[in-house]
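A quick write-up on the structure given underneath.
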Amino acid sequence: MTRASEARDGAVTVDSRGLPAWLDPVVRAAETIQPRQLSRFLPPENGSGRQSAVLILFGDGERGPELLLMERAGSLRSHAGQPSFPGGSLDPEDGDPRGEGLLRAALREAEEETGLDPAGVQLFGVLPRLYIPVSGFVVTPVLGWWREPSPVGVVDPNETARVFTVPVADLTDPANRATAVHPRGHQGPAFLVESALVWGFTAGVIDRLLHYAGWERPWDREKRVPLDWRA
């Protein structure tokens, strides 16, 4: 079975064999979900946009299934202070953006930002490419199973404020869910977890994954959380 541990020296593939049974709904969702079911913001038809990838890493924590997130440094020009998945732009050494390059980028960026060991990660799915208009990024979410967890933490304080995991049970808890409202009028799902407000692109992808995996619980969509102009 090919593992993501071959990222540096060989092929990187997507392999859904040998995963824990609780991930089966996520695997099925990844195989069937359509771009418009994830977001109304899709990559420009003219091919413009900065190609990037994020790693949506599921692990088995003390309280069951969990997701790895990070909080971006407050000094960054783009999405400062915002919780997000590890990830970033493709580098030339990552390879073909139409193939393995996206997988390599997701693993490389996750290692650079959180210190995780890619050798312990099994990639099992790739979601449709999405678009973030405010930054011009074309983002491919890559799904991973943290088969062999490794220590994680802030690698570069100039880029990352903290690294943390969130139990899926907290993400599905209706008490932790709300609708984020931007001063410009934009609205979207949000999660109040681990002393953080997860919103924007990251919250949108989590929201849709929970929904199509069948994990979503009814929550109060009228519960509002205002964002400030710096968001």
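All residue names refer to the structure tokens as shown: chains lettered A, B, ... in order, residues numbered from 1 in each chain, ligands numbered from 1 in order.
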
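Taking only C-alpha atoms, the non-local environment of segment 199-205 of chain A within 7 Å (same-chain residues fewer than 5 positions away omitted) comprises Leu38, Ser84, Phe85, Ala180, Gly188, Pro189, Ala190 and Phe191 of chain A.
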
Using only C-alpha atoms, find each residue in segment 29-127 of chain A having at least one atom no more than 12 Å away from segment 171-176 of chain A; report its shortest atom-to-atom pair and that distance in Å (one decimal), rows by chain then rising number, as a tab-separated table.
```
residue	atom	partner	partner_atom	distance
A:Pro65	CA	A:Leu171	CA	10.5
A:Glu66	CA	A:Leu171	CA	9.1
A:Leu67	CA	A:Leu171	CA	9.4
```

Picked from segment 39-199 of chain A by DSSP as alpha helix (DSSP H), as number ranges by chain: A: 100-114, 168-172

Just to be explicit: take each residue in the selection above, keep N, CA, C and O atoms, and write the result as a compact mmCIF listing (two decimals), in the first residue's frame.
```txt
# COMPACT_ATOMS: atom_id res chain seq x y z
N GLU A 100 0.24 14.94 -8.80
CA GLU A 100 0.83 14.77 -7.49
C GLU A 100 1.24 16.08 -6.83
O GLU A 100 1.40 16.13 -5.60
N GLY A 101 1.41 17.13 -7.60
CA GLY A 101 1.87 18.39 -7.04
C GLY A 101 0.99 18.89 -5.91
O GLY A 101 1.49 19.41 -4.90
N LEU A 102 -0.31 18.73 -6.06
CA LEU A 102 -1.23 19.19 -5.02
C LEU A 102 -1.07 18.38 -3.74
O LEU A 102 -1.13 18.91 -2.63
N LEU A 103 -0.85 17.07 -3.88
CA LEU A 103 -0.66 16.21 -2.72
C LEU A 103 0.64 16.57 -2.00
O LEU A 103 0.68 16.66 -0.77
N ARG A 104 1.68 16.76 -2.79
CA ARG A 104 2.97 17.11 -2.20
C ARG A 104 2.91 18.46 -1.49
O ARG A 104 3.47 18.63 -0.41
N ALA A 105 2.23 19.40 -2.11
CA ALA A 105 2.14 20.74 -1.52
C ALA A 105 1.41 20.69 -0.18
O ALA A 105 1.81 21.35 0.78
N ALA A 106 0.31 19.94 -0.12
CA ALA A 106 -0.45 19.84 1.12
C ALA A 106 0.41 19.27 2.24
O ALA A 106 0.40 19.79 3.37
N LEU A 107 1.17 18.23 1.95
CA LEU A 107 2.02 17.61 2.97
C LEU A 107 3.20 18.51 3.34
O LEU A 107 3.53 18.66 4.51
N ARG A 108 3.81 19.11 2.33
CA ARG A 108 4.97 19.97 2.59
C ARG A 108 4.58 21.17 3.44
O ARG A 108 5.26 21.51 4.42
N GLU A 109 3.49 21.83 3.07
CA GLU A 109 3.07 23.00 3.82
C GLU A 109 2.68 22.62 5.25
O GLU A 109 2.97 23.35 6.20
N ALA A 110 2.01 21.48 5.41
CA ALA A 110 1.63 21.03 6.76
C ALA A 110 2.86 20.78 7.62
O ALA A 110 2.90 21.12 8.81
N GLU A 111 3.89 20.21 7.02
CA GLU A 111 5.12 19.96 7.76
C GLU A 111 5.81 21.28 8.12
O GLU A 111 6.27 21.47 9.26
N GLU A 112 5.85 22.22 7.17
CA GLU A 112 6.51 23.50 7.42
C GLU A 112 5.78 24.33 8.47
O GLU A 112 6.41 25.05 9.24
N GLU A 113 4.45 24.22 8.51
CA GLU A 113 3.67 25.07 9.41
C GLU A 113 3.43 24.46 10.79
O GLU A 113 3.30 25.18 11.77
N THR A 114 3.34 23.12 10.84
CA THR A 114 3.00 22.49 12.12
C THR A 114 4.05 21.53 12.64
O THR A 114 3.97 21.08 13.77
N VAL A 168 -14.12 16.23 16.59
CA VAL A 168 -15.27 16.32 15.70
C VAL A 168 -16.55 16.47 16.52
O VAL A 168 -17.50 17.14 16.09
N ALA A 169 -16.58 15.88 17.72
CA ALA A 169 -17.75 16.00 18.59
C ALA A 169 -18.04 17.46 18.94
O ALA A 169 -19.21 17.86 19.08
N ASP A 170 -16.99 18.27 19.06
CA ASP A 170 -17.19 19.70 19.34
C ASP A 170 -17.68 20.44 18.11
O ASP A 170 -18.47 21.39 18.21
N LEU A 171 -17.21 20.01 16.94
CA LEU A 171 -17.64 20.66 15.69
C LEU A 171 -19.10 20.36 15.38
O LEU A 171 -19.78 21.17 14.75
N THR A 172 -19.58 19.21 15.81
CA THR A 172 -20.96 18.85 15.54
C THR A 172 -21.91 19.28 16.66
O THR A 172 -23.13 19.17 16.51
```

Close residues, Leu209 of chain A itself excluded, 9 Å, only C-alpha atoms, min 5 positions apart in chain, as a ChimeraX atom specification: /A:26,29-30,38,204,214-216

Neighbour list for Pro25 of chain A as a list in words, cut-off 12 Å, only C-alpha atoms, skip fewer than 6 positions in-chain: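 In the requested form, the answer reads Ser16, Leu19, Glu31, Thr32, Ile33, Gly125, Leu209, Leu210, His211, Tyr212, Ala213, Gly214, Trp215 and Glu216 of chain A.
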
Any chance you could export the current selection's C-alpha atoms as a short mmCIF file (atom, residue, chain, number, x, y, z; two decimals), in the first residue's frame?
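Result saved to result-v3.cif:
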```cif
data_model
loop_
_atom_site.label_atom_id
_atom_site.label_comp_id
_atom_site.auth_asym_id
_atom_site.auth_seq_id
_atom_site.Cartn_x
_atom_site.Cartn_y
_atom_site.Cartn_z
CA SER A 16 -8.51 4.75 1.10
CA LEU A 19 -8.86 3.40 7.30
CA GLU A 31 -15.97 10.38 -3.89
CA THR A 32 -19.34 11.91 -4.73
CA ILE A 33 -19.36 15.57 -3.69
CA GLY A 125 -9.23 11.72 -0.79
CA LEU A 209 -17.99 17.79 5.11
CA LEU A 210 -20.06 17.34 8.27
CA HIS A 211 -23.24 17.64 6.22
CA TYR A 212 -22.37 15.20 3.45
CA ALA A 213 -20.76 12.73 5.85
CA GLY A 214 -24.03 12.63 7.76
CA TRP A 215 -22.47 13.95 10.95
CA GLU A 216 -24.26 17.30 11.04
#
```

Output as CSV one row per residue of segment 147-187 of chain A within 10 Å of segment 118-121 of chain A: the closest atom pair and its distance in Å to one decimal place, counting only C-alpha atoms, sorted by chain and residue number ascending.
```
residue,atom,partner,partner_atom,distance
A:Arg147,CA,A:Gly120,CA,5.5
A:Glu148,CA,A:Gly120,CA,4.3
A:Pro149,CA,A:Gly120,CA,6.1
A:Ser150,CA,A:Gly120,CA,7.2
```

Based on the selection just made, write all heavy atoms of those residues as a PDB file, in the first residue's frame.
```
ATOM      1  N   ARG A 147      -2.374   8.384  10.549  1.00  0.00           N
ATOM      2  CA  ARG A 147      -2.193   6.990  10.954  1.00  0.00           C
ATOM      3  C   ARG A 147      -1.180   6.858  12.091  1.00  0.00           C
ATOM      4  O   ARG A 147      -1.379   6.069  13.028  1.00  0.00           O
ATOM      5  CB  ARG A 147      -1.739   6.154   9.741  1.00  0.00           C
ATOM      6  CG  ARG A 147      -1.456   4.703  10.048  1.00  0.00           C
ATOM      7  CD  ARG A 147      -1.162   3.919   8.782  1.00  0.00           C
ATOM      8  NE  ARG A 147      -2.360   3.781   7.970  1.00  0.00           N
ATOM      9  CZ  ARG A 147      -3.298   2.878   8.189  1.00  0.00           C
ATOM     10  NH1 ARG A 147      -3.175   2.036   9.207  1.00  0.00           N
ATOM     11  NH2 ARG A 147      -4.348   2.799   7.410  1.00  0.00           N
ATOM     12  N   GLU A 148      -0.116   7.609  12.013  1.00  0.00           N
ATOM     13  CA  GLU A 148       0.914   7.593  13.055  1.00  0.00           C
ATOM     14  C   GLU A 148       1.159   9.031  13.496  1.00  0.00           C
ATOM     15  O   GLU A 148       1.995   9.725  12.916  1.00  0.00           O
ATOM     16  CB  GLU A 148       2.193   6.950  12.535  1.00  0.00           C
ATOM     17  CG  GLU A 148       2.016   5.507  12.095  1.00  0.00           C
ATOM     18  CD  GLU A 148       3.286   4.927  11.486  1.00  0.00           C
ATOM     19  OE1 GLU A 148       4.337   5.612  11.548  1.00  0.00           O
ATOM     20  OE2 GLU A 148       3.228   3.823  10.934  1.00  0.00           O
ATOM     21  N   PRO A 149       0.441   9.492  14.520  1.00  0.00           N
ATOM     22  CA  PRO A 149       0.570  10.889  14.962  1.00  0.00           C
ATOM     23  C   PRO A 149       1.992  11.228  15.390  1.00  0.00           C
ATOM     24  O   PRO A 149       2.716  10.395  15.931  1.00  0.00           O
ATOM     25  CB  PRO A 149      -0.395  10.967  16.152  1.00  0.00           C
ATOM     26  CG  PRO A 149      -1.385   9.878  15.902  1.00  0.00           C
ATOM     27  CD  PRO A 149      -0.591   8.770  15.275  1.00  0.00           C
ATOM     28  N   SER A 150       2.373  12.461  15.121  1.00  0.00           N
ATOM     29  CA  SER A 150       3.688  12.967  15.504  1.00  0.00           C
ATOM     30  C   SER A 150       3.482  14.290  16.240  1.00  0.00           C
ATOM     31  O   SER A 150       2.432  14.921  16.120  1.00  0.00           O
ATOM     32  CB  SER A 150       4.559  13.171  14.263  1.00  0.00           C
ATOM     33  OG  SER A 150       3.887  13.995  13.312  1.00  0.00           O
TER      34      SER A 150
END
```

Among the residues A:Leu116, A:Val225, A:Ala53, A:Val126, the one that comes closest to Gly144 of chain A [using only C-alpha atoms]: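 Under the stated criterion, the closest residue is A:Val126.
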
Residue among A:Leu90, A:Ile206, A:Val154, A:Val12 lying closest to Thr140 of chain A, counting only C-alpha atoms: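 Of A:Leu90, A:Ile206, A:Val154, A:Val12, the one nearest Thr140 of chain A, counting only C-alpha atoms, is A:Leu90.
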
Sel. of strand (DSSP E or B) residues, segment 41-213 of chain A, as a ChimeraX atom specification: /A:50-61,64-72,83-84,87-89,121-126,130-132,137-146,160-167,177-181,187-193,196-198
